[in-house]
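Here's the structure, in structure tokens; my notes come after.
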Amino acid sequence: MSFDILLPGITLIPILGVVILLIWQRATKNQAAVIGILSEGFALIIPILLLPSLRNKGEIIFSLRWIPNMSISFSLALNWLSLVFLLTEVLVTLAAMIYSLGEDTGEKNSNYYYALLLLFSLGMSGTTLANDVFLFYVFWELMLIASVLLILLWGHGEIRFKVALKYFIITHLGSLMVLVCLVTLYINFGTANLTELTQQASSLAQNVQVFLTLFFIIGFSVKMAIFPLHIWLPDAHTVAPMPVTIILAAAMLSMGTYGILRFPFTIFPMETLQNFAVWMMIGGLISEIYGALMALAENDIKRIIAYSSVSQMGYILFGLGTLTASGMQGSVMHVVYHAIVKALLFMVVGIIISVARERDIQKISGLGKKFPVLCVCAAIGVLGISGMPPLGIFNSEWMIFAGGFESNISTALSVITLIGSILTVVYALRFFGGIFFGETKPEGMAIKSPRALIFPTIAVTAFLIIEGLMPGPLMAWTIKGLAGIFGGLN
Amino acid sequence: MVDGAVFFIASIFSLPILVGIGLSFVDAGMRKKLLLILAVSLLFSVFWLYRFGEVEIITPLSFMGEEISFSISNASLLIFFVSLLSLIGMILLPGDAKHQISGINALLLGVSISFGFIAFISGQFMIRYIALDIVGLIAALMVLKSLKDQVIFRSFTLIFAILRFGDLSLLASILLLQSHAGTLNITDMINIAITLPQNVRLWMFAGFFLAVLVKTAVWPFILWMRHAHKGSNDATFWVSGMLMPSLGYYLLYRVQPLIDSSGQIKTLVGLISGGLILMTILLDFLDHHSFDHFLLMSAFSSSFLFAASAFGPKDHLKYLIAALLLYRFILYLHGKLSSSGMNKFTTLPLFIINAAFVVVGSDQLPLAFIFGWAAFSLLVVVWGFLRDQRLRLGDVRARGAMTYLEDKSLDWIEKGAVWINKNLEIAIFTNGIYTLGQAFKDSANWINEKIEIGIFTNGFYRLSDVLEGSAGWLSDKVEQGMERFWSWIGNTLMKISEGTFVKFEVEPSQKSEVLLDNALNSLDKYEQNVLRKNLRLDLVWIPLFLLIIFVLILFV
């Protein structure tokens, strides 16, 4: 029995959830959460049901005519690469929705809150599945609009208006660069279908290919928050409510990586990409070190973890820049592992803020004795982000570094990137030691950590350990996913 | 045969972890006894494994696409055996109640033995690296006694960061080598490494050697072991003091063919070893605290090993490593049981070990090495004599380094030592690391303040303020100016329209109305004048007469 027909359900079920939530105006937070979690849960089950079919076919495609005169269709494609990103995104959203139950965000207008979370997730799943450039852009913008609204309506403080505007303007500039590329491709080939574009794009003039690759990389790097295009990230992560921050950091950043892999890396030949290899590596290295330095300098615990994303995205860009199988596989795996670790660390930060009512690392200390479970979860998260084996990031990091050495572009760059990772250890340990060691402060904090928050945190911690110990499936999927794109890759 | 070896490998790996878990639940006295039993049984297991000879076991497991294999060699088992022997000794050392092994420490000790063993026998470099990383983490974790003390945590951070630095340099070399060899199998990698171009070999070796220097805690990486010792008791210090250096020695043993393959590398190792030996001898002149002495003499012995690995016969290297590890243990014991510092008892065994190595390998050793060794030995003897003399005069440390420099009665050697201690050891390395850390933190803060906040965060807002100001100016000057302009145009047009309208529409209409009225009035007047007169019928004849004329014209 084939479940292929269920593919559009990944996008339609969340839409159904949104419709129900918009109609059900008097839904309480719990009721709205149930609708949200169920919709997201179904969206998670479908790709799992499609796995056997994916093994047989390699790619499942669903296509429906949309605007025939313009050759635009509602075309979705699930392949091994999109599966990795899709599962990451849906799992993170699901975890964030469950975590939301223990948070005081979305107490009012809960139906709109969960509807927007669903739309945010829909934007991301649609982006990963879209096989039509027009559809891709629609989902891409939906992701932005939903997240901006979430920050505007449920963000912290009056500054949220400014921050949301800043986030919108900067990321939208990136989106416009992507749009320029998509329109250029559409005008040149008269089709919006990504499969057809993949087959034809290499026939474009070399200078056009270079121009489009440049625009694609910069446009998607904005979403990845690569230095110096990261300026939207620290504020957006800090002001957004914690569940939204979790989705922003753990899932949305990865969409930039997916964009780079799906567009310039898929449609243009290696010769074109090689023009950018060393620049991507340098950009990645600067971002890695700069993000780590900022995390070290910051005192706001939410911003420390936010800057760590800038640093971690640097590794990913570096891996992509190597243009080697190891480097790119490492980057894709890093997306997944980073998502898990980042979700965990933000969950920990959320709990710390909720019990200590404080965000300044210099005003919080000694939580280890009071909250031992939280301390263990944080320790595993910190070791995870430091690349300690056998936790997952170790696997992805060494593949990225291996890619750097294999690329023969610059051994020195690879060595600096590798040694630079010691900075991650330093800021991660400063974060952990500062909060969990020493005399307990501030005075009068909560006695227990909220159960509704600690359970999802424990679950993500367990998932991080399992993923690290059993990287087999993820490795196999990424190998298949990248082989599908880079047939002739070294 | 292999099945038996697999059984022993599985036992040696799993037993310490399982026992470690069990030890968490028993009292301190029992814990010590059980640890002792564990160490002795492991010792026997290693001995039995040794009897299987050199075996290569390929497991059905794989890691990141590479098969996991174990390579049982006499060298690895011998070194691990000596490490375990020292563990027994360290467990047996008497300690007060404050220094008893806690449950968590026993567990960590068990895990470190298991992964230490894996690091010794792994045939795949990445598994070995992972095992080393885990042992490094445990070495750092051993100092964490209380969650209340942030100073202890700083020690943990320092140990972990330094060991990680060593591990990362090791990883860099592994990856560089893997990119050329295409495999992670240690033996294959080393065989390929020696065929690579000179510069690649040099970089590769630099990474490996840096990792060895860190793990063996030679100067200037001595710092991490000092912190590890501060926070540990005898048994837990075994991980940092014995297991970690033995893993470093074994790493050196494995990559020794790289040294052999290149004259440049040999020279480099020779120079580093010589420099380290000189430095440690000088520093030991001042440091007579038993643990400092242990550290420096251990570093001294390690430096000799480095030189021996470059110039000595490889066949004897494993025995030298085993002997130096035993010496290290004896040195620690001596430091624990006596506070007399450096004396014949601590220098003589080292001299005998080194002499034995030189004599046994004399046929293969270059003359330069033998002379160098003899010169250094002589230096140690002279040094020991001078040091003893100095100690008799009084405590150097008690008098303070600066006073010492000004004291003209002291000879130049002491001044030199004090100078090095003050300017290199304390100023550069001990304080230097903290100063560097602080400078690093300051520069990070500066970048954060100036670039991140100043340019990116505030910059954006400043930019938006500038934009807002410009927009205001534009609105005020241009937009409103334009509006005024358009208003003027509009008003002018309106005026023109109005003028035109009045001139051409209203006024003519009014005039026409007046004209019409006048016309109507005059007509009215005319009519009234005409109507006022009587009707004259005689005038009817005129048209009639005209009609007759018209008819006549037509017909005539």
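In the structure tokens, each chain is lettered A, B, ... as it comes, each chain's residues begin at 1, and ligands are numbered from 1 in order of appearance.
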Where does chain A meet chain B within 6 Å, residue by residue, with the nearest atom pair and distance in Å to one decimal for each, counting only C-alpha atoms, listed by chain and rising number, as a tab-separated table?
```
residue	atom	partner	partner_atom	distance
A:Ile231	CA	B:Phe456	CA	5.8
A:Leu293	CA	B:Ala444	CA	5.3
A:Met294	CA	B:Asn448	CA	5.7
A:Ala297	CA	B:Asn445	CA	4.9
A:Pro389	CA	B:Ile130	CA	5.9
A:Ala402	CA	B:Leu175	CA	5.3
A:Phe405	CA	B:Leu176	CA	5.6
A:Glu406	CA	B:Ser179	CA	5.0
A:Phe437	CA	B:Leu147	CA	4.9
A:Gly438	CA	B:Lys148	CA	4.1
A:Glu439	CA	B:Lys148	CA	5.6
```
Keeping N, CA and C atoms, export the residues of the selection given above as a PDB file, in the first residue's frame.
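The result, stored in result_30.pdb:
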```pdb
ATOM      1  N   ILE A 231      22.803  40.571  12.078  1.00  0.00           N
ATOM      2  CA  ILE A 231      22.404  41.597  13.055  1.00  0.00           C
ATOM      3  C   ILE A 231      20.949  41.496  13.500  1.00  0.00           C
ATOM      4  N   LEU A 293      33.197  34.749  20.132  1.00  0.00           N
ATOM      5  CA  LEU A 293      33.717  35.874  20.920  1.00  0.00           C
ATOM      6  C   LEU A 293      32.579  36.687  21.527  1.00  0.00           C
ATOM      7  N   MET A 294      31.530  36.883  20.730  1.00  0.00           N
ATOM      8  CA  MET A 294      30.397  37.661  21.235  1.00  0.00           C
ATOM      9  C   MET A 294      29.666  36.894  22.350  1.00  0.00           C
ATOM     10  N   ALA A 297      31.555  37.487  25.374  1.00  0.00           N
ATOM     11  CA  ALA A 297      31.465  38.839  25.927  1.00  0.00           C
ATOM     12  C   ALA A 297      30.087  39.146  26.513  1.00  0.00           C
ATOM     13  N   PRO A 389      32.684  14.043  22.138  1.00  0.00           N
ATOM     14  CA  PRO A 389      32.138  12.737  21.782  1.00  0.00           C
ATOM     15  C   PRO A 389      31.562  12.038  23.016  1.00  0.00           C
ATOM     16  N   ALA A 402      37.174  17.536   8.354  1.00  0.00           N
ATOM     17  CA  ALA A 402      37.758  16.595   7.390  1.00  0.00           C
ATOM     18  C   ALA A 402      37.548  17.124   5.974  1.00  0.00           C
ATOM     19  N   PHE A 405      40.125  19.719   5.182  1.00  0.00           N
ATOM     20  CA  PHE A 405      41.440  19.170   4.823  1.00  0.00           C
ATOM     21  C   PHE A 405      41.402  18.500   3.449  1.00  0.00           C
ATOM     22  N   GLU A 406      40.272  17.855   3.147  1.00  0.00           N
ATOM     23  CA  GLU A 406      40.165  17.162   1.848  1.00  0.00           C
ATOM     24  C   GLU A 406      40.088  18.139   0.682  1.00  0.00           C
ATOM     25  N   PHE A 437      27.392  26.886  39.239  1.00  0.00           N
ATOM     26  CA  PHE A 437      28.351  26.773  40.350  1.00  0.00           C
ATOM     27  C   PHE A 437      28.304  28.016  41.234  1.00  0.00           C
ATOM     28  N   GLY A 438      28.851  27.878  42.417  1.00  0.00           N
ATOM     29  CA  GLY A 438      28.966  29.015  43.331  1.00  0.00           C
ATOM     30  C   GLY A 438      27.779  29.133  44.275  1.00  0.00           C
ATOM     31  N   GLU A 439      27.735  30.256  44.962  1.00  0.00           N
ATOM     32  CA  GLU A 439      26.650  30.521  45.922  1.00  0.00           C
ATOM     33  C   GLU A 439      25.356  30.793  45.161  1.00  0.00           C
TER      34      GLU A 439
END
```
- Who sits within 12 Å of B:Val26, only C-alpha atoms, same chain under 4 positions skipped, as a count of residues only: 16
- Can you tell me how far atom CA of A:Arg430 sits from atom CA of B:Leu109, in Å to one decimal?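 If I compute the distance from atom CA of A:Arg430 to atom CA of B:Leu109, I get 25.4 Å.
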- Spatial neighbours of A:Ile364, 10 Å, only C-alpha atoms, chain gap at least 5 places, as a PyMOL selection string: chain A and resi 301+352-353+356-359+434-443
Those same residues - N, CA, C and O atoms - I'd like them written as an mmCIF file, in the first residue's frame.
```cif
data_model
loop_
_atom_site.group_PDB
_atom_site.id
_atom_site.type_symbol
_atom_site.label_atom_id
_atom_site.label_comp_id
_atom_site.auth_asym_id
_atom_site.auth_seq_id
_atom_site.Cartn_x
_atom_site.Cartn_y
_atom_site.Cartn_z
ATOM 1 N N ILE A 301 21.955 35.723 29.275
ATOM 2 C CA ILE A 301 22.078 34.282 28.956
ATOM 3 C C ILE A 301 21.363 33.903 27.657
ATOM 4 O O ILE A 301 21.782 32.996 26.962
ATOM 5 N N ILE A 352 15.680 28.626 33.426
ATOM 6 C CA ILE A 352 16.468 29.486 34.330
ATOM 7 C C ILE A 352 15.771 30.833 34.491
ATOM 8 O O ILE A 352 15.620 31.346 35.606
ATOM 9 N N ILE A 353 15.331 31.393 33.383
ATOM 10 C CA ILE A 353 14.672 32.709 33.458
ATOM 11 C C ILE A 353 13.377 32.599 34.263
ATOM 12 O O ILE A 353 13.063 33.475 35.077
ATOM 13 N N ALA A 356 14.560 32.091 38.024
ATOM 14 C CA ALA A 356 15.391 33.151 38.617
ATOM 15 C C ALA A 356 14.855 34.547 38.330
ATOM 16 O O ALA A 356 15.243 35.496 38.997
ATOM 17 N N ARG A 357 13.988 34.647 37.351
ATOM 18 C CA ARG A 357 13.459 35.965 36.920
ATOM 19 C C ARG A 357 14.607 36.928 36.624
ATOM 20 O O ARG A 357 14.593 38.090 36.994
ATOM 21 N N GLU A 358 15.629 36.416 36.030
ATOM 22 C CA GLU A 358 16.844 37.191 35.792
ATOM 23 C C GLU A 358 17.532 36.624 34.567
ATOM 24 O O GLU A 358 17.441 35.425 34.295
ATOM 25 N N ARG A 359 18.199 37.498 33.800
ATOM 26 C CA ARG A 359 18.873 37.008 32.602
ATOM 27 C C ARG A 359 20.360 37.326 32.589
ATOM 28 O O ARG A 359 21.090 36.861 31.715
ATOM 29 N N GLY A 434 29.145 29.599 35.336
ATOM 30 C CA GLY A 434 28.591 30.829 35.908
ATOM 31 C C GLY A 434 27.219 30.612 36.503
ATOM 32 O O GLY A 434 26.893 31.170 37.554
ATOM 33 N N ILE A 435 26.424 29.792 35.869
ATOM 34 C CA ILE A 435 25.036 29.625 36.322
ATOM 35 C C ILE A 435 24.886 28.537 37.383
ATOM 36 O O ILE A 435 24.140 28.702 38.341
ATOM 37 N N PHE A 436 25.603 27.459 37.221
ATOM 38 C CA PHE A 436 25.325 26.311 38.096
ATOM 39 C C PHE A 436 26.289 26.158 39.270
ATOM 40 O O PHE A 436 26.039 25.374 40.167
ATOM 41 N N PHE A 437 27.392 26.886 39.239
ATOM 42 C CA PHE A 437 28.351 26.773 40.350
ATOM 43 C C PHE A 437 28.304 28.016 41.234
ATOM 44 O O PHE A 437 27.790 29.055 40.837
ATOM 45 N N GLY A 438 28.851 27.878 42.417
ATOM 46 C CA GLY A 438 28.966 29.015 43.331
ATOM 47 C C GLY A 438 27.779 29.133 44.275
ATOM 48 O O GLY A 438 26.947 28.221 44.376
ATOM 49 N N GLU A 439 27.735 30.256 44.962
ATOM 50 C CA GLU A 439 26.650 30.521 45.922
ATOM 51 C C GLU A 439 25.356 30.793 45.161
ATOM 52 O O GLU A 439 25.369 31.470 44.135
ATOM 53 N N THR A 440 24.263 30.283 45.721
ATOM 54 C CA THR A 440 22.984 30.426 45.020
ATOM 55 C C THR A 440 22.508 31.877 45.034
ATOM 56 O O THR A 440 22.405 32.492 46.097
ATOM 57 N N LYS A 441 22.242 32.405 43.864
ATOM 58 C CA LYS A 441 21.639 33.725 43.730
ATOM 59 C C LYS A 441 20.889 33.780 42.396
ATOM 60 O O LYS A 441 21.204 33.007 41.499
ATOM 61 N N PRO A 442 19.892 34.599 42.233
ATOM 62 C CA PRO A 442 19.431 35.620 43.165
ATOM 63 C C PRO A 442 18.596 35.025 44.308
ATOM 64 O O PRO A 442 18.175 33.861 44.236
ATOM 65 N N GLU A 443 18.396 35.820 45.323
ATOM 66 C CA GLU A 443 17.598 35.390 46.473
ATOM 67 C C GLU A 443 16.149 35.215 46.049
ATOM 68 O O GLU A 443 15.665 35.892 45.145
#
```
- Item | Separation of atom CA of A:Met124 from atom CA of A:Lys223, in Å and rounded to one decimal |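 Distance between the two atoms: 12.1 Å.
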- Message: If you run DSSP on the backbone here, which positions in stretch 123-371 of chain A get helix (DSSP H, G or I)? Please write them as a VMD selection string.
- Response: chain A and resid 123 to 129 133 to 154 160 to 189 194 to 203 206 to 224 233 to 239 242 to 262 264 to 267 270 to 297 301 to 321 325 to 356 361 to 363 367 to 370
- Atomic separation - atom CA of A:Thr322 relative to atom CA of A:Lys342, Å: 24.3 Å
- Message: Taking 3 positions as the minimum chain separation for residues in the same chain, which residues sit within 10 Å of A:Leu38 when counting only C-alpha atoms? Answer as a ChimeraX atom specification.
- Response: /A:13-14,17,32-35,41-44,94
Kindly save the residues from that selection, with C-alpha atoms included, as a PDB file, in the first residue's frame.
```pdb
ATOM      1  CA  ILE A  13      -3.022  19.318   7.888  1.00  0.00           C
ATOM      2  CA  PRO A  14      -1.391  22.373   9.499  1.00  0.00           C
ATOM      3  CA  GLY A  17      -5.327  23.193  12.141  1.00  0.00           C
ATOM      4  CA  ALA A  32      -5.443  25.470  21.199  1.00  0.00           C
ATOM      5  CA  ALA A  33      -2.240  23.625  22.085  1.00  0.00           C
ATOM      6  CA  VAL A  34      -3.913  20.271  21.511  1.00  0.00           C
ATOM      7  CA  ILE A  35      -5.015  21.355  18.022  1.00  0.00           C
ATOM      8  CA  GLY A  41       2.060  15.442  15.073  1.00  0.00           C
ATOM      9  CA  PHE A  42       0.243  14.333  11.934  1.00  0.00           C
ATOM     10  CA  ALA A  43       2.652  16.349   9.833  1.00  0.00           C
ATOM     11  CA  LEU A  44       5.420  14.355  11.525  1.00  0.00           C
ATOM     12  CA  LEU A  94       6.500  20.069  18.153  1.00  0.00           C
TER      13      LEU A  94
END
```
- Message: Need to verify the contact set: A:Leu273, 9 Å, only C-alpha atoms, exclusion of same-chain residues closer than 5 positions in sequence. Can you return it as a PyMOL selection string?
- Response: chain A and resi 210+213+264-265+268+321+323
Please produce a file of those selected residues containing C-alpha atoms, as a PDB file, in the first residue's frame.
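out.pdb written:
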```
ATOM      1  CA  VAL A 210      28.107  33.466 -10.988  1.00  0.00           C
ATOM      2  CA  THR A 213      25.073  32.027  -7.119  1.00  0.00           C
ATOM      3  CA  PRO A 264      22.929  27.150  -6.216  1.00  0.00           C
ATOM      4  CA  PHE A 265      24.385  23.813  -5.138  1.00  0.00           C
ATOM      5  CA  PHE A 268      24.668  25.022 -10.982  1.00  0.00           C
ATOM      6  CA  GLY A 321      32.372  25.906   1.200  1.00  0.00           C
ATOM      7  CA  LEU A 323      32.594  21.473  -1.693  1.00  0.00           C
TER       8      LEU A 323
END
```
- Item | Using only C-alpha atoms: which of A:Met242, A:Leu173, A:Ile316, A:Leu22 has the shortest distance to A:Glu288 | A:Ile316
- Query: Contacts of B:Val255 at 12 Å or less, counting only C-alpha atoms, minus same-chain residues fewer than 4 places along, as a PyMOL selection string?
  - Reply: chain B and resi 125+170+173-174+177+186-194+201+204-209+211-212+248-251+259-261+265+306+309-310+314
Limited to C-alpha atoms, could you put the picked residues into a file as a PDB file, in the first residue's frame?
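The result, stored in part.pdb:
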```pdb
ATOM      1  CA  PHE B 125      42.385   6.672  14.970  1.00  0.00           C
ATOM      2  CA  LEU B 170      45.702  15.728  17.437  1.00  0.00           C
ATOM      3  CA  SER B 173      46.760  15.848  12.312  1.00  0.00           C
ATOM      4  CA  ILE B 174      44.425  12.870  12.089  1.00  0.00           C
ATOM      5  CA  LEU B 177      46.513  12.433   7.415  1.00  0.00           C
ATOM      6  CA  ILE B 186      46.289   3.742  12.423  1.00  0.00           C
ATOM      7  CA  THR B 187      48.843   1.345  10.954  1.00  0.00           C
ATOM      8  CA  ASP B 188      47.858   2.121   7.364  1.00  0.00           C
ATOM      9  CA  MET B 189      47.794   5.843   8.094  1.00  0.00           C
ATOM     10  CA  ILE B 190      51.283   5.875   9.564  1.00  0.00           C
ATOM     11  CA  ASN B 191      52.616   3.758   6.693  1.00  0.00           C
ATOM     12  CA  ILE B 192      51.221   6.258   4.209  1.00  0.00           C
ATOM     13  CA  ALA B 193      52.274   9.262   6.297  1.00  0.00           C
ATOM     14  CA  ILE B 194      55.959   8.480   5.932  1.00  0.00           C
ATOM     15  CA  ARG B 201      54.785  15.369   7.290  1.00  0.00           C
ATOM     16  CA  MET B 204      51.226  16.450  10.666  1.00  0.00           C
ATOM     17  CA  PHE B 205      53.921  15.717  13.164  1.00  0.00           C
ATOM     18  CA  ALA B 206      53.562  19.168  14.738  1.00  0.00           C
ATOM     19  CA  GLY B 207      49.917  18.354  15.570  1.00  0.00           C
ATOM     20  CA  PHE B 208      50.760  14.947  16.996  1.00  0.00           C
ATOM     21  CA  PHE B 209      53.677  16.262  18.988  1.00  0.00           C
ATOM     22  CA  ALA B 211      49.115  16.625  21.640  1.00  0.00           C
ATOM     23  CA  VAL B 212      51.913  14.591  23.245  1.00  0.00           C
ATOM     24  CA  GLY B 248      50.652  10.597  25.509  1.00  0.00           C
ATOM     25  CA  TYR B 249      53.730   8.369  25.548  1.00  0.00           C
ATOM     26  CA  TYR B 250      51.923   5.691  23.597  1.00  0.00           C
ATOM     27  CA  LEU B 251      50.810   8.252  21.014  1.00  0.00           C
ATOM     28  CA  ILE B 259      60.072  11.134  13.313  1.00  0.00           C
ATOM     29  CA  ASP B 260      62.292   8.496  11.800  1.00  0.00           C
ATOM     30  CA  SER B 261      61.199   9.420   8.315  1.00  0.00           C
ATOM     31  CA  ILE B 265      61.578  16.348  12.342  1.00  0.00           C
ATOM     32  CA  PHE B 306      61.223  12.604  23.256  1.00  0.00           C
ATOM     33  CA  SER B 309      62.203   8.566  20.299  1.00  0.00           C
ATOM     34  CA  ALA B 310      64.035  10.685  17.758  1.00  0.00           C
ATOM     35  CA  LYS B 314      62.612   1.881  18.448  1.00  0.00           C
TER      36      LYS B 314
END
```
